[in-house]
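Chemist: Quick one: structure below, then a few questions.
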Amino acid sequence: MSERVFHDWLSKRLARCNDTVIIGAGHDDCGHVDVSALQALAFSTDTVVEGTHFDAEADPLQVGYKAVAAALSDLAASGCRPLWGLIALNMRRGLGDRWAMRLMEGIVSCAQRYNLSIIGGDTTSAYGPTAINITVGGTPYGEAAVMRYGVEDGDLLVVTGELGGSILGKHMSPIPRFVEIEKLLELVPVKACMDITDGLTMDISRMLAAGNFGAILEEPEIPISEAAVKLAETSGKSAMEHALGDGEDFELLFAVSEESWEKLLLEWPGTGIKTRLSCIGRVENNQGLRVAGSDGTLKMLEVTGYEHNF
């Protein structure tokens with residue numbers, strides 16, 4: 001299938017999911033949007049690469065879905081609702097029409113689920129591995145976006161969902177936490193937030209870095225997934241090690257005051273949102289991460305997680 005035929009097919013599949021789009025994908029050299037009614041904008045970009053983020057044998061439908069969901073997770077962590085997306089696809093030659101069309105079906109499916117209008121992009125082919133870059137834009141649910149940095153001494157650290165073992169399947173089907181962050185912002189001031197993509201301890205250390213803070217984590221409160229327990233049976237690591245260091249959980253890590261946490265404990269069960277909230281620790285002025293065991297014993301915690309090497 002030629003690039004022209006592919007673009008014609010794709011343009012017919014892309015729907016405008018919000019009324020800010022003036023000119024969408026396939027109709028001009030650029031996508032055009034109306035931002036006159038928006039008070040602030042947020043943008044993020046994310047790339048998934050064959051051999052790093054997905055296997056060559058993976059279902060392209062899942063690959064496309066993951067590519068969009070991973071990018072959207074950053075918007076959710078910033079307290080922003082999604083509006084627009086751009087796709088840059090560099091596809092390995094020889095994959096064929098069906099693979100390309102199924103990939104785009106996954107992209108479109110995720111975009112439509114979260115009301116993201118795909119307004120443009122680019123497609124190329126090469127002899128190297130397939131890479132899909134998704135750029136997303138949105139606007140804050142509240143008056144302003146939530147930043148990664150903003151914690152204060154004594155703040156509590158909270159996570160959504162359960163952690164670890166994502167390689168057993170969760171890494172290919174992320175759920176951007178838009179429902180959760182929108183409700184959290186309605187209920188309490190969220191001081192800082194980010195999504196957990198490179199491992200809990202690594203991402204906590206990034207959140208704390210700007211203020212030179214540290215934290216004490218409560219080991220019994222860290223929510224370990226069933227996948228982490230299963231993975232621990234063969235990996236040589238404990239389920240807790242997987243919860244602390246595994247990447248691509250795509251859960252929210254956020255900071256709130258103690259008063260706000262007490263309010264969440266009272267009101268979260270009545271929201272109808274079934275996603276679990278777990279208070280896993282407290283910010284402190286001492287640098288580094290420490291963990292308190294069930295017996296109260298404190299020990300230093302090694303920062304683990306995934307880092308790309310360049």
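All residue names refer to the structure tokens as shown: chains lettered A, B, ... in order, residues numbered from 1 in each chain, ligands numbered from 1 in order.
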Going by DSSP on the backbone, which bits of range 37-120 of chain A are helix (DSSP H, G or I)? Write them as a ChimeraX atom specification, please.

Modeler: /A:60-77,97-113

Chemist: Can you tell me, as a PyMOL selection string, which residues in range 43-286 of chain A count as strand (DSSP E) by DSSP?

Modeler: chain A and resi 43-49+80-92+117-126+131-140+156-160+192-196+214-218+251-256+277-284

Chemist: Would you kindly return, as a list in words, each protein, DNA or RNA residue with an atom no farther than 12 Å from any atom of Leu185 in chain A, considering only C-alpha atoms and excluding same-chain residues fewer than 3 positions away?

Modeler: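 The filter keeps Ala76, Ala77, Ser78, Gly79, Cys80, Pro140, Tyr141, Gly142, Glu143, Ala144, Ala145, Val146, Phe178, Val179, Glu180, Ile181, Glu182, Val188, Pro189, Val190, Lys191, Ala192, Cys193, Phe254, Ala255, Val256, Ser260, Leu264 and Trp268 of chain A.
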
Chemist: If we count only C-alpha atoms, what is near range 37-48 of chain A at a cut-off of 7 Å, once residues fewer than 2 positions away on the same chain are taken out, given as a list in words?

Modeler: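 Everything that qualifies: Val35, Glu50, His53, Ala67, Ala70, Ala71, Asp74, Ala131, Ile132, Asn133, Ile134, Thr135, Val136, Gly137, Gly138, Thr139 and Pro140 of chain A.
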
Chemist: Output the selection as a compact mmCIF listing (two decimals), in the first residue's frame - N, CA and C atoms for each residue.

Modeler:
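Wrote it out as out-v7.txt, contents follow:
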```
# COMPACT_ATOMS: atom_id res chain seq x y z
N VAL A 35 -7.94 27.86 20.32
CA VAL A 35 -7.63 27.83 21.75
C VAL A 35 -8.16 29.06 22.48
N GLU A 50 10.11 -0.56 18.93
CA GLU A 50 10.19 -2.02 18.81
C GLU A 50 11.50 -2.52 19.44
N HIS A 53 9.99 -1.18 23.94
CA HIS A 53 8.68 -1.05 24.57
C HIS A 53 7.69 -2.11 24.11
N ALA A 67 0.83 3.11 22.61
CA ALA A 67 1.54 4.33 22.23
C ALA A 67 0.75 5.58 22.63
N ALA A 70 0.21 5.70 26.69
CA ALA A 70 1.41 6.09 27.42
C ALA A 70 1.61 7.60 27.37
N ALA A 71 1.36 8.20 26.21
CA ALA A 71 1.48 9.65 26.09
C ALA A 71 0.39 10.35 26.90
N ASP A 74 0.81 11.06 30.77
CA ASP A 74 1.50 12.27 31.21
C ASP A 74 0.52 13.43 31.38
N ALA A 131 9.14 2.69 15.24
CA ALA A 131 9.03 3.64 16.34
C ALA A 131 7.78 4.49 16.12
N ILE A 132 6.99 4.63 17.18
CA ILE A 132 5.77 5.44 17.11
C ILE A 132 5.87 6.55 18.13
N ASN A 133 5.85 7.79 17.64
CA ASN A 133 5.87 8.93 18.53
C ASN A 133 4.50 9.58 18.56
N ILE A 134 4.00 9.81 19.75
CA ILE A 134 2.70 10.46 19.93
C ILE A 134 2.90 11.74 20.73
N THR A 135 2.46 12.84 20.17
CA THR A 135 2.45 14.11 20.90
C THR A 135 1.01 14.45 21.23
N VAL A 136 0.78 14.81 22.49
CA VAL A 136 -0.59 15.10 22.94
C VAL A 136 -0.64 16.49 23.57
N GLY A 137 -1.79 17.12 23.44
CA GLY A 137 -2.01 18.42 24.04
C GLY A 137 -3.34 18.43 24.77
N GLY A 138 -3.40 19.21 25.83
CA GLY A 138 -4.64 19.29 26.59
C GLY A 138 -4.71 20.56 27.41
N THR A 139 -5.70 20.64 28.28
CA THR A 139 -5.92 21.82 29.10
C THR A 139 -6.27 21.39 30.52
N PRO A 140 -5.88 22.16 31.54
CA PRO A 140 -6.12 21.75 32.92
C PRO A 140 -7.59 21.58 33.26
```

Chemist: Report the distance between CA of Arg290 in chain A and CA of Ile167 in chain A in Å, rounded to one decimal place.

Modeler: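 According to the coordinates, CA of Arg290 in chain A and CA of Ile167 in chain A are separated by 26.3 Å.
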
Chemist: With only C-alpha atoms as the counted atoms, please give the residues lying no more than 9 Å from range 239-245 of chain A, apart from itself and same-chain residues fewer than 3 positions off, as a compact mmCIF listing (two decimals) with N, CA and C atoms, in the first residue's frame.

Modeler:
```txt
# COMPACT_ATOMS: atom_id res chain seq x y z
N GLU A 162 -2.18 -0.67 41.91
CA GLU A 162 -1.21 -1.61 42.47
C GLU A 162 0.03 -1.62 41.59
N LEU A 163 1.16 -1.99 42.18
CA LEU A 163 2.43 -1.78 41.53
C LEU A 163 3.21 -3.07 41.30
N GLY A 164 4.01 -3.05 40.22
CA GLY A 164 4.93 -4.14 39.93
C GLY A 164 4.37 -5.18 38.98
N GLY A 165 5.28 -5.87 38.30
CA GLY A 165 4.89 -6.97 37.44
C GLY A 165 4.21 -6.58 36.15
N ASP A 198 8.96 4.60 35.31
CA ASP A 198 10.32 4.03 35.38
C ASP A 198 10.61 3.32 36.69
N GLY A 199 9.60 3.13 37.53
CA GLY A 199 9.78 2.48 38.81
C GLY A 199 9.44 3.44 39.94
N LEU A 200 8.80 2.92 40.98
CA LEU A 200 8.31 3.77 42.07
C LEU A 200 9.43 4.56 42.74
N THR A 201 10.52 3.90 43.14
CA THR A 201 11.56 4.62 43.86
C THR A 201 12.25 5.64 42.97
N MET A 202 12.47 5.31 41.71
CA MET A 202 13.11 6.26 40.81
C MET A 202 12.23 7.48 40.59
N GLU A 219 6.64 0.27 54.27
CA GLU A 219 6.64 -0.96 53.48
C GLU A 219 5.30 -1.68 53.47
N ILE A 222 2.70 -0.30 50.78
CA ILE A 222 2.97 -0.28 49.34
C ILE A 222 2.11 -1.35 48.66
N PRO A 223 1.25 -0.96 47.72
CA PRO A 223 0.30 -1.91 47.12
C PRO A 223 0.97 -2.80 46.06
N ILE A 224 1.14 -4.05 46.38
CA ILE A 224 1.81 -5.00 45.49
C ILE A 224 0.78 -5.70 44.62
N SER A 225 0.99 -5.70 43.32
CA SER A 225 0.03 -6.33 42.41
C SER A 225 0.17 -7.85 42.43
N GLU A 226 -0.88 -8.52 42.01
CA GLU A 226 -0.82 -9.98 41.87
C GLU A 226 0.22 -10.37 40.83
N ALA A 227 0.38 -9.54 39.81
CA ALA A 227 1.38 -9.82 38.78
C ALA A 227 2.79 -9.80 39.36
N ALA A 228 3.04 -8.88 40.30
CA ALA A 228 4.36 -8.82 40.94
C ALA A 228 4.62 -10.07 41.77
N VAL A 229 3.58 -10.55 42.44
CA VAL A 229 3.72 -11.78 43.23
C VAL A 229 4.02 -12.96 42.31
N LYS A 230 3.31 -13.04 41.20
CA LYS A 230 3.52 -14.13 40.25
C LYS A 230 4.92 -14.06 39.63
N LEU A 231 5.34 -12.85 39.26
CA LEU A 231 6.65 -12.68 38.64
C LEU A 231 7.77 -13.07 39.59
N ALA A 232 7.56 -12.80 40.87
CA ALA A 232 8.58 -13.10 41.88
C ALA A 232 8.85 -14.60 42.00
N GLU A 233 7.92 -15.42 41.55
CA GLU A 233 8.10 -16.87 41.65
C GLU A 233 9.24 -17.36 40.76
N VAL A 303 17.52 3.28 45.20
CA VAL A 303 16.67 3.72 44.09
C VAL A 303 16.88 2.78 42.92
N THR A 304 15.81 2.11 42.51
CA THR A 304 15.88 1.19 41.38
C THR A 304 14.82 1.58 40.35
N GLY A 305 14.99 1.07 39.15
CA GLY A 305 14.04 1.38 38.09
C GLY A 305 14.72 1.26 36.74
N TYR A 306 14.05 1.80 35.73
CA TYR A 306 14.54 1.67 34.36
C TYR A 306 15.09 3.01 33.89
```
